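**Student:** What follows is query20.tsv; its format and atoms are TSV, C-alpha atoms.
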chain	number	residue	atom	x	y	z
A	1	MET	CA	124.46	127.16	88.93
A	2	SER	CA	126.88	124.67	87.39
A	3	HIS	CA	126.14	122.55	84.34
A	4	VAL	CA	126.10	119.47	86.52
A	5	GLN	CA	123.51	120.97	88.85
A	6	GLY	CA	121.47	122.15	85.89
A	7	ALA	CA	121.52	118.68	84.41
A	8	THR	CA	120.62	117.17	87.75
A	9	LEU	CA	117.67	119.50	88.19
A	10	LEU	CA	116.53	118.81	84.66
A	11	ALA	CA	116.75	115.11	85.33
A	12	ALA	CA	114.83	115.59	88.57
A	13	ARG	CA	112.09	117.47	86.73
A	14	ARG	CA	111.87	114.66	84.23
A	15	LEU	CA	111.48	112.32	87.14
A	16	ASP	CA	108.39	114.25	88.15
A	17	ASP	CA	106.79	112.34	85.38
A	18	VAL	CA	104.79	109.77	87.27
A	19	ALA	CA	105.47	106.90	84.91
A	20	ALA	CA	109.22	107.40	84.98
A	21	GLU	CA	109.23	107.62	88.73
A	22	LYS	CA	107.10	104.51	89.04
A	23	ALA	CA	109.45	102.56	86.80
A	24	LEU	CA	112.44	103.69	88.82
A	25	LEU	CA	110.65	102.85	92.05
A	26	ASP	CA	109.78	99.38	90.80
A	27	GLN	CA	113.44	98.74	90.13
A	28	CYS	CA	114.39	100.11	93.54
A	29	ARG	CA	111.80	97.91	95.23
A	30	ARG	CA	113.62	94.89	93.81
A	31	GLN	CA	116.65	96.19	95.69
A	32	ASN	CA	118.29	97.13	92.41
A	33	TYR	CA	121.44	98.86	93.56
A	34	GLU	CA	122.05	100.67	90.27
A	35	ALA	CA	118.49	102.04	90.15
A	36	PHE	CA	118.78	103.33	93.68
A	37	GLY	CA	122.07	104.93	92.68
A	38	ARG	CA	120.13	107.02	90.16
A	39	VAL	CA	117.78	108.13	92.93
A	40	VAL	CA	120.80	109.19	94.98
A	41	ASP	CA	122.22	111.07	91.98
A	42	LEU	CA	118.99	112.97	91.56
A	43	TYR	CA	118.30	113.89	95.15
A	44	GLN	CA	121.60	113.92	97.02
A	45	ALA	CA	122.23	117.65	96.63
A	46	ARG	CA	118.67	118.61	97.55
A	47	VAL	CA	118.44	116.32	100.54
A	48	LEU	CA	121.87	117.40	101.74
A	49	GLY	CA	120.88	121.06	101.28
A	50	PHE	CA	117.77	120.52	103.37
A	51	VAL	CA	119.66	118.65	106.09
A	52	ARG	CA	122.46	121.26	106.11
A	53	ARG	CA	119.90	123.97	106.84
A	54	MET	CA	118.19	121.88	109.48
A	55	ILE	CA	121.38	120.71	111.19
A	56	ARG	CA	123.93	123.41	111.38
A	57	ASN	CA	126.89	121.09	111.79
A	58	GLU	CA	128.43	120.16	108.44
A	59	GLU	CA	129.80	116.77	109.51
A	60	GLU	CA	126.52	115.77	111.11
A	61	ALA	CA	124.61	116.94	108.07
A	62	LEU	CA	126.74	114.74	105.82
A	63	ASP	CA	126.25	111.73	108.12
A	64	ILE	CA	122.51	112.27	108.41
A	65	THR	CA	122.14	112.56	104.64
A	66	GLN	CA	123.87	109.21	104.24
A	67	GLU	CA	121.52	107.78	106.87
A	68	VAL	CA	118.56	109.14	104.93
A	69	PHE	CA	119.55	107.28	101.77
A	70	ILE	CA	120.39	104.11	103.69
A	71	LYS	CA	116.99	104.20	105.41
A	72	ALA	CA	115.36	104.84	102.06
A	73	PHE	CA	117.16	101.90	100.46
A	74	GLN	CA	116.16	99.64	103.32
A	75	GLY	CA	112.55	100.81	103.26
A	76	VAL	CA	111.92	101.25	99.56
A	77	ALA	CA	110.46	97.73	99.23
A	78	SER	CA	107.65	98.68	101.62
A	79	PHE	CA	107.15	102.19	100.18
A	80	ASP	CA	103.60	102.16	98.79
A	81	GLY	CA	104.18	104.97	96.30
A	82	ARG	CA	101.15	107.00	97.36
A	83	ALA	CA	103.41	109.96	98.03
A	84	SER	CA	106.02	111.04	95.53
A	85	LEU	CA	109.54	109.75	95.86
A	86	ARG	CA	110.71	113.28	96.60
A	87	SER	CA	108.29	113.88	99.46
A	88	TRP	CA	109.07	110.42	100.86
A	89	LEU	CA	112.79	111.22	100.88
A	90	PHE	CA	112.21	114.60	102.49
A	91	ARG	CA	109.94	112.97	105.04
A	92	ILE	CA	112.78	110.63	106.03
A	93	ALA	CA	115.20	113.55	106.02
A	94	TYR	CA	112.93	115.71	108.18
A	95	HIS	CA	112.36	113.00	110.78
A	96	SER	CA	116.06	112.11	110.81
A	97	CYS	CA	116.92	115.73	111.54
A	98	ILE	CA	114.31	115.99	114.28
A	99	ASP	CA	115.55	112.73	115.83
A	100	LYS	CA	119.09	114.01	115.76
A	101	VAL	CA	118.13	117.24	117.46
A	102	ARG	CA	116.15	115.38	120.11
A	103	ARG	CA	118.93	112.88	120.70
A	104	LYS	CA	121.35	115.66	121.34
A	105	GLU	CA	118.78	117.39	123.54
A	106	ARG	CA	119.90	120.57	121.97
A	107	GLN	CA	117.68	123.54	122.51
A	108	PRO	CA	117.20	124.98	119.07
A	109	LEU	CA	117.66	128.64	118.45
A	110	ILE	CA	114.15	129.88	118.10
A	111	HIS	CA	113.59	133.27	116.65
A	112	SER	CA	109.91	133.05	115.96
A	113	TYR	CA	108.04	136.03	114.87
A	114	GLU	CA	106.88	138.20	117.76
A	115	PRO	CA	104.26	140.65	116.55
A	116	THR	CA	104.78	144.19	117.73
A	117	ASP	CA	103.35	147.52	116.68
A	118	GLU	CA	106.62	148.27	114.94
A	119	ASN	CA	106.90	145.20	112.76
A	120	GLU	CA	103.27	144.39	112.17
A	121	GLU	CA	103.19	146.09	108.79
A	122	THR	CA	106.30	144.35	107.52
A	123	PHE	CA	104.24	141.20	107.03
A	124	GLU	CA	102.15	142.67	104.33
A	125	PHE	CA	104.07	141.15	101.44
A	126	ALA	CA	103.18	143.83	98.96
A	127	ASP	CA	105.56	146.04	100.88
A	128	HIS	CA	106.96	148.65	98.49
A	129	ARG	CA	110.17	149.18	100.38
A	130	TRP	CA	111.84	146.31	98.58
A	131	ASP	CA	114.02	147.39	95.74
A	132	PRO	CA	114.10	144.82	92.90
A	133	SER	CA	117.89	144.66	93.21
A	134	GLU	CA	117.47	143.54	96.79
A	135	VAL	CA	115.38	140.59	95.71
A	136	LEU	CA	118.25	139.18	93.65
A	137	LEU	CA	120.69	137.31	95.80
A	138	ASN	CA	124.32	138.30	95.74
A	139	ASP	CA	126.89	136.52	97.89
A	140	GLU	CA	126.41	138.90	100.80
A	141	LEU	CA	122.63	138.77	100.74
A	142	ARG	CA	122.71	134.99	100.30
A	143	SER	CA	124.77	134.73	103.44
A	144	VAL	CA	122.28	136.90	105.36
A	145	VAL	CA	119.35	134.83	104.09
A	146	GLU	CA	121.08	131.58	105.04
A	147	GLN	CA	121.84	132.96	108.49
A	148	SER	CA	118.26	134.11	108.99
A	149	VAL	CA	116.93	130.72	107.93
A	150	ALA	CA	119.33	129.02	110.31
A	151	GLU	CA	118.07	131.14	113.21
A	152	MET	CA	114.45	130.09	112.75
A	153	SER	CA	112.87	127.29	114.72
A	154	GLU	CA	113.00	123.90	113.00
A	155	LYS	CA	109.23	124.06	112.56
A	156	LEU	CA	109.28	127.24	110.51
A	157	ARG	CA	112.55	126.50	108.75
A	158	SER	CA	111.49	123.11	107.44
A	159	VAL	CA	108.21	124.39	106.00
A	160	LEU	CA	109.90	127.39	104.39
A	161	ILE	CA	112.59	125.26	102.72
A	162	LEU	CA	110.19	122.58	101.53
A	163	HIS	CA	107.69	125.07	100.11
A	164	ASP	CA	109.75	127.96	98.79
A	165	GLN	CA	112.91	126.14	97.84
A	166	GLU	CA	111.70	122.64	97.00
A	167	ASN	CA	108.34	123.81	95.59
A	168	MET	CA	106.43	121.21	97.56
A	169	GLY	CA	102.69	121.75	97.98
A	170	TYR	CA	100.92	122.24	101.29
A	171	GLU	CA	99.48	118.71	101.26
A	172	GLU	CA	102.83	117.19	100.41
A	173	ILE	CA	104.53	119.03	103.25
A	174	ALA	CA	101.74	118.11	105.66
A	175	GLN	CA	102.22	114.44	104.80
A	176	ALA	CA	105.97	114.64	105.10
A	177	MET	CA	105.87	116.33	108.48
A	178	ASP	CA	102.74	114.64	109.87
A	179	ILE	CA	101.00	117.94	110.57
A	180	PRO	CA	97.69	119.46	109.39
A	181	VAL	CA	97.64	121.50	106.19
A	182	GLY	CA	96.47	124.53	108.15
A	183	THR	CA	99.56	124.31	110.34
A	184	VAL	CA	101.75	124.20	107.24
A	185	LYS	CA	100.16	127.41	106.03
A	186	SER	CA	100.53	129.14	109.40
A	187	ARG	CA	104.16	128.18	109.66
A	188	LEU	CA	104.92	129.22	106.11
A	189	PHE	CA	103.41	132.62	106.70
A	190	LEU	CA	105.40	133.12	109.89
A	191	ALA	CA	108.61	131.82	108.32
A	192	ARG	CA	108.41	134.25	105.41
A	193	ALA	CA	107.58	137.03	107.81
A	194	HIS	CA	110.57	136.18	109.95
A	195	LEU	CA	112.93	136.00	107.00
A	196	GLN	CA	111.75	139.27	105.57
A	197	GLU	CA	112.04	140.98	108.92
A	198	GLN	CA	115.59	139.72	109.51
A	199	VAL	CA	116.86	140.56	106.04
A	200	GLY	CA	115.09	143.92	106.10
A	201	ARG	CA	116.72	144.69	109.41
A	202	TYR	CA	120.10	143.88	107.90
A	203	LEU	CA	119.56	145.87	104.72
A	204	TYR	CA	118.01	148.93	106.26
A	205	GLY	CA	119.78	148.84	109.57
A	206	LYS	CA	123.16	148.57	107.86
A	207	GLY	CA	123.26	152.13	106.65
A	208	ALA	CA	121.75	153.59	109.80
B	1	MET	CA	96.95	141.25	109.14
B	2	ASN	CA	95.76	141.94	112.65
B	3	ARG	CA	97.58	141.11	115.86
B	4	ASP	CA	95.00	138.53	116.99
B	5	LEU	CA	95.44	136.51	113.83
B	6	LEU	CA	99.23	136.70	114.08
B	7	ASN	CA	99.07	135.45	117.65
B	8	LYS	CA	96.77	132.64	116.62
B	9	LEU	CA	99.17	131.65	113.88
B	10	LYS	CA	102.09	131.74	116.26
B	11	ASN	CA	100.26	129.55	118.78
B	12	GLU	CA	98.95	127.30	116.03
B	13	GLN	CA	95.38	127.83	117.12
B	14	ALA	CA	92.32	127.06	115.04
B	15	LEU	CA	91.21	129.86	112.72
B	16	ASP	CA	87.68	130.86	111.84
B	17	THR	CA	86.54	131.13	108.24
B	18	ALA	CA	87.38	134.81	107.87
B	19	GLU	CA	90.82	134.30	109.37
B	20	ARG	CA	91.50	131.35	107.10
B	21	LEU	CA	90.59	133.53	104.14
B	22	ASP	CA	92.95	136.25	105.37
B	23	LEU	CA	95.73	133.72	105.69
B	24	GLU	CA	95.09	132.31	102.21
B	25	GLN	CA	95.28	135.81	100.73
B	26	ALA	CA	98.44	136.62	102.65
B	27	LEU	CA	100.04	133.39	101.42
B	28	GLU	CA	99.08	134.18	97.85
B	29	ARG	CA	100.70	137.59	98.14
B	30	GLY	CA	103.63	135.88	99.81
B	31	GLU	CA	104.32	133.74	96.75
B	32	ALA	CA	105.74	136.86	95.10
B	33	SER	CA	107.38	138.17	98.26
B	34	PRO	CA	111.13	138.79	98.52
B	35	ALA	CA	111.32	135.99	101.08
B	36	ALA	CA	109.95	133.43	98.65
B	37	GLN	CA	112.23	134.71	95.91
B	38	TRP	CA	115.31	134.57	98.07
B	39	MET	CA	114.54	131.02	99.04
B	40	SER	CA	114.04	129.97	95.44
B	41	GLN	CA	117.47	131.36	94.59
B	42	LEU	CA	119.33	129.39	97.22
B	43	HIS	CA	121.26	126.58	95.64
B	44	ASP	CA	122.45	123.27	96.99
B	45	GLU	CA	125.91	121.95	96.44
B	46	ASP	CA	126.56	118.35	95.53
B	47	PRO	CA	128.37	116.33	98.18
B	48	SER	CA	131.95	115.29	97.51
B	49	MET	CA	132.94	112.17	95.59
B	50	ALA	CA	134.43	110.77	98.80
B	51	TRP	CA	131.07	111.15	100.52
B	52	ARG	CA	129.34	109.40	97.64
B	53	SER	CA	131.87	106.57	97.62
B	54	GLN	CA	131.34	106.10	101.33
B	55	LEU	CA	127.57	105.98	100.80
B	56	ASN	CA	127.97	103.49	97.95
B	57	ALA	CA	130.06	101.24	100.19
B	58	LYS	CA	127.41	101.37	102.92
B	59	LEU	CA	124.63	100.64	100.44
B	60	GLN	CA	126.55	97.72	98.99
B	61	GLU	CA	126.97	96.28	102.47
B	62	ILE	CA	123.23	96.14	103.02
B	63	ALA	CA	122.24	95.33	99.43
B	64	PRO	CA	121.09	91.73	98.94
B	65	ALA	CA	123.29	91.58	95.82
B	66	PRO	CA	120.95	89.62	93.54
B	67	ALA	CA	123.61	89.34	90.82
B	68	LYS	CA	126.07	87.73	93.23
B	69	LYS	CA	123.37	85.36	94.42
B	70	ARG	CA	122.60	84.31	90.87
B	71	PHE	CA	126.31	83.76	90.23
B	72	ASN	CA	126.56	81.51	93.29
B	73	TRP	CA	123.60	79.52	92.16
B	74	LEU	CA	125.08	79.07	88.71
B	75	GLY	CA	128.45	78.26	90.21
B	76	THR	CA	126.97	75.63	92.48
B	77	SER	CA	125.11	74.07	89.58
B	78	ALA	CA	128.22	74.05	87.43
B	79	ILE	CA	130.26	72.39	90.17
B	80	ALA	CA	127.56	69.76	90.67
B	81	ALA	CA	127.38	69.08	86.94
B	82	ALA	CA	131.15	68.80	86.71
B	83	GLY	CA	131.14	66.33	89.62
B	84	VAL	CA	128.54	64.18	87.94
B	85	CYS	CA	130.55	64.21	84.70
B	86	ALA	CA	133.77	63.31	86.52
B	87	ALA	CA	132.04	60.45	88.33
B	88	PHE	CA	130.65	59.15	85.04
B	89	VAL	CA	134.06	59.29	83.38
B	90	LEU	CA	135.71	57.46	86.31
B	91	PHE	CA	132.97	54.84	86.30
B	92	THR	CA	133.36	54.35	82.59
B	93	MET	CA	137.15	54.04	82.80
B	94	ASN	CA	137.10	51.53	85.69
B	95	ARG	CA	134.22	49.38	84.46
B	96	PRO	CA	135.10	45.70	83.65
B	97	PRO	CA	135.19	44.86	79.95
B	98	ALA	CA	131.75	44.52	78.56
B	99	VAL	CA	130.58	41.15	77.19
B	100	THR	CA	130.21	41.50	73.50
B	101	GLU	CA	126.73	41.13	72.31
B	102	PRO	CA	126.15	38.58	69.63
B	103	GLN	CA	126.19	39.99	66.16
B	104	PRO	CA	123.25	39.33	63.91
B	105	HIS	CA	125.20	36.74	61.83
B	106	ASP	CA	126.07	34.80	65.03
B	107	ARG	CA	122.49	34.66	66.19
B	108	VAL	CA	122.01	30.99	65.38
B	109	ALA	CA	125.20	29.79	67.02
B	110	GLY	CA	125.22	32.35	69.73
B	111	VAL	CA	124.98	31.28	73.30
B	112	SER	CA	123.32	33.63	75.62
B	113	THR	CA	125.04	34.28	78.91
B	114	SER	CA	122.05	35.82	80.52
B	115	ASN	CA	121.07	34.38	83.87
B	116	ASN	CA	117.48	34.54	82.84
B	117	ASP	CA	118.10	32.27	79.90
B	118	LEU	CA	115.86	29.17	80.00
B	119	GLY	CA	118.80	26.88	79.10
B	120	THR	CA	120.80	28.13	82.03
B	121	VAL	CA	117.86	27.63	84.36
B	122	LEU	CA	117.31	24.06	83.17
B	123	MET	CA	121.01	23.31	83.42
B	124	THR	CA	121.19	24.62	86.94
B	125	ALA	CA	118.13	22.58	87.98
B	126	HIS	CA	119.60	19.48	86.42
B	127	GLN	CA	122.95	19.93	88.17
B	128	ALA	CA	121.13	20.44	91.48
B	129	ASP	CA	119.17	17.23	90.96
B	130	ASP	CA	122.37	15.33	90.15
B	131	ALA	CA	124.03	16.68	93.26
B	132	GLN	CA	121.10	15.64	95.45
B	133	ILE	CA	121.04	12.16	93.91
B	134	ALA	CA	124.79	11.81	94.32
B	135	ALA	CA	124.53	12.88	97.93
B	136	GLY	CA	121.73	10.34	98.53
B	137	VAL	CA	119.30	13.03	99.50
B	138	ARG	CA	116.83	11.97	96.90
B	139	ALA	CA	116.37	8.87	94.77
B	140	PRO	CA	116.60	9.21	91.03
B	141	MET	CA	113.26	9.74	89.48
B	142	ARG	CA	111.96	6.48	87.98
B	143	THR	CA	110.63	6.37	84.51
B	144	ILE	CA	107.22	4.74	84.45
B	145	ASP	CA	107.10	2.37	81.57
B	146	VAL	CA	103.54	2.04	80.47
B	147	GLY	CA	103.20	-0.62	77.78
B	148	TYR	CA	100.61	-0.53	75.11
B	149	ASP	CA	98.01	-3.23	75.18
B	150	TRP	CA	98.25	-4.61	71.66
B	151	SER	CA	95.62	-7.27	72.43
B	152	SER	CA	92.88	-4.80	72.28
B	153	LEU	CA	94.00	-3.86	68.83
B	154	GLU	CA	94.18	-7.48	67.73
B	155	SER	CA	90.67	-8.19	69.03
B	156	ARG	CA	89.17	-5.65	66.63
Have the structure of the file written as structure tokens, please.

**Tutor:**
Amino acid sequence: MSHVQGATLLAARRLDDVAAEKALLDQCRRQNYEAFGRVVDLYQARVLGFVRRMIRNEEEALDITQEVFIKAFQGVASFDGRASLRSWLFRIAYHSCIDKVRRKERQPLIHSYEPTDENEETFEFADHRWDPSEVLLNDELRSVVEQSVAEMSEKLRSVLILHDQENMGYEEIAQAMDIPVGTVKSRLFLARAHLQEQVGRYLYGKGA
Amino acid sequence: MNRDLLNKLKNEQALDTAERLDLEQALERGEASPAAQWMSQLHDEDPSMAWRSQLNAKLQEIAPAPAKKRFNWLGTSAIAAAGVCAAFVLFTMNRPPAVTEPQPHDRVAGVSTSNNDLGTVLMTAHQADDAQIAAGVRAPMRTIDVGYDWSSLESR
């Protein structure tokens, strides 16, 4: 992680402070361009990362991320602040991605978990097969993880990213995606199961 | 986790209490799973400066630009004020010479030129009367000579 990213994350964590976020939001609501620029600084990498994983085309991902911030700037005056700024931005990002997929009428690659006798046990997360070294991402493993995430359905992928990468809570994700909390939990379980199955297949099938 | 529960999760069907508890426990264990740890290690790259510049340009296009608006308002006011000043200066420069007001030491001999002055009014009325008399419109006003009856005084 670069120093810039570290500083950005640190700044984002500081923004978790409700008062600071409220002050920034108040400025943004007055259509303060500079204040909104700070919001973009804080969230551009995270929103782009989310959109990149949702939309597998780099150019489209860059365009959609710009659209997300433009929509946010246009709508910030009417944003009531009940949700956090982060979950509001990810809500816009999620719906923008879904709209894009629907507009293109592209059938997403869905590799949902299909329970079989063979893989049923792999979803017990206390599985002892995992070597600690395999939990740390190197470039090769990162690439496999990214590929596995990309092959999931949008439903599972979005929940997995928002919860395990963005550390959003179940309620927050449910609000952002307009789905029940129980559905968030189901999808998160299946998404983790899918990822673990795919990566395990790569790691253990590689040597076979 | 049993097959029925997995199928229910996949089909997003309602779970009973025991199944919900199973799911909660599985999710708790999942927080420490390799999958969760891999995801937490993924990093996001910042977009390029060109991308950011493009976004800034788009945001500026739709921004109401309050600072610019304030500048226009101030500019308009300044132009209006300058116009008023210029008009005043022109008026002052082209105004006919002012009649000097009588100084305090001239007050006794001073003659007022005001149209509202009583002397001027009387003079104007007198001249009008003269003109009417001269034109034969009206006869000169006769002075009634009422004599005093001295006899009454002598009889006392």

**Student:** Compile the residues of chain A that lie within 7 Å of chain B, evaluated using all atoms listed in the file, and express the compilation as JSON, numbers by chain.

**Tutor:** {"A": [31, 33, 44, 45, 46, 49, 66, 70, 115, 125, 126, 135, 137, 164, 165, 183, 186, 189, 192, 195, 196]}

**Student:** Using all atoms listed in the file for the distances, tell me which of A:Glu134, A:Arg187, A:Met168, A:Gly182 is nearest to Leu203 (chain A).

**Tutor:**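 Distance minimum relative to Leu203 (chain A) lands on A:Glu134.
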
**Student:** What does the structure give for the distance between CA of Asn57 (chain A) and CA of Arg86 (chain A), in Å to one decimal?

**Tutor:**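 According to the coordinates, CA of Asn57 (chain A) and CA of Arg86 (chain A) are separated by 23.5 Å.
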
**Student:** Which of these, A:Glu140, A:Asp63, A:Glu34, A:Glu58, has the shortest distance to Val199 (chain A) once you count all atoms listed in the file?

**Tutor:**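 Nearest to Val199 (chain A): A:Glu140.
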
**Student:** Rank A:Leu162, A:Val181, A:Val145, A:Val18 by their smallest atom-to-atom distance to Gly200 (chain A), using only C-alpha atoms, and report the top residue only.

**Tutor:**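 Result for the nearest residue to Gly200 (chain A): A:Val145.
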
**Student:** Would you list the contacts of Tyr94 (chain A) as a VMD selection string, taking every protein, DNA or RNA residue within 12 Å and counting all atoms listed in the file, but skipping same-chain residues closer than 4 positions in sequence?

**Tutor:** chain A and resid 47 to 55 61 64 to 65 67 to 68 87 to 90 98 to 101 154 to 155 157 to 159 161 to 162 173 to 178

**Student:** Interatomic distance between CA of Pro180 (chain A) and CA of His194 (chain A)?

**Tutor:**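 So the answer is 21.1 Å.
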
**Student:** Measure the distance from CA of Gly75 (chain A) to CA of Arg30 (chain A) in Å and round it to one decimal.

**Tutor:** 11.2 Å
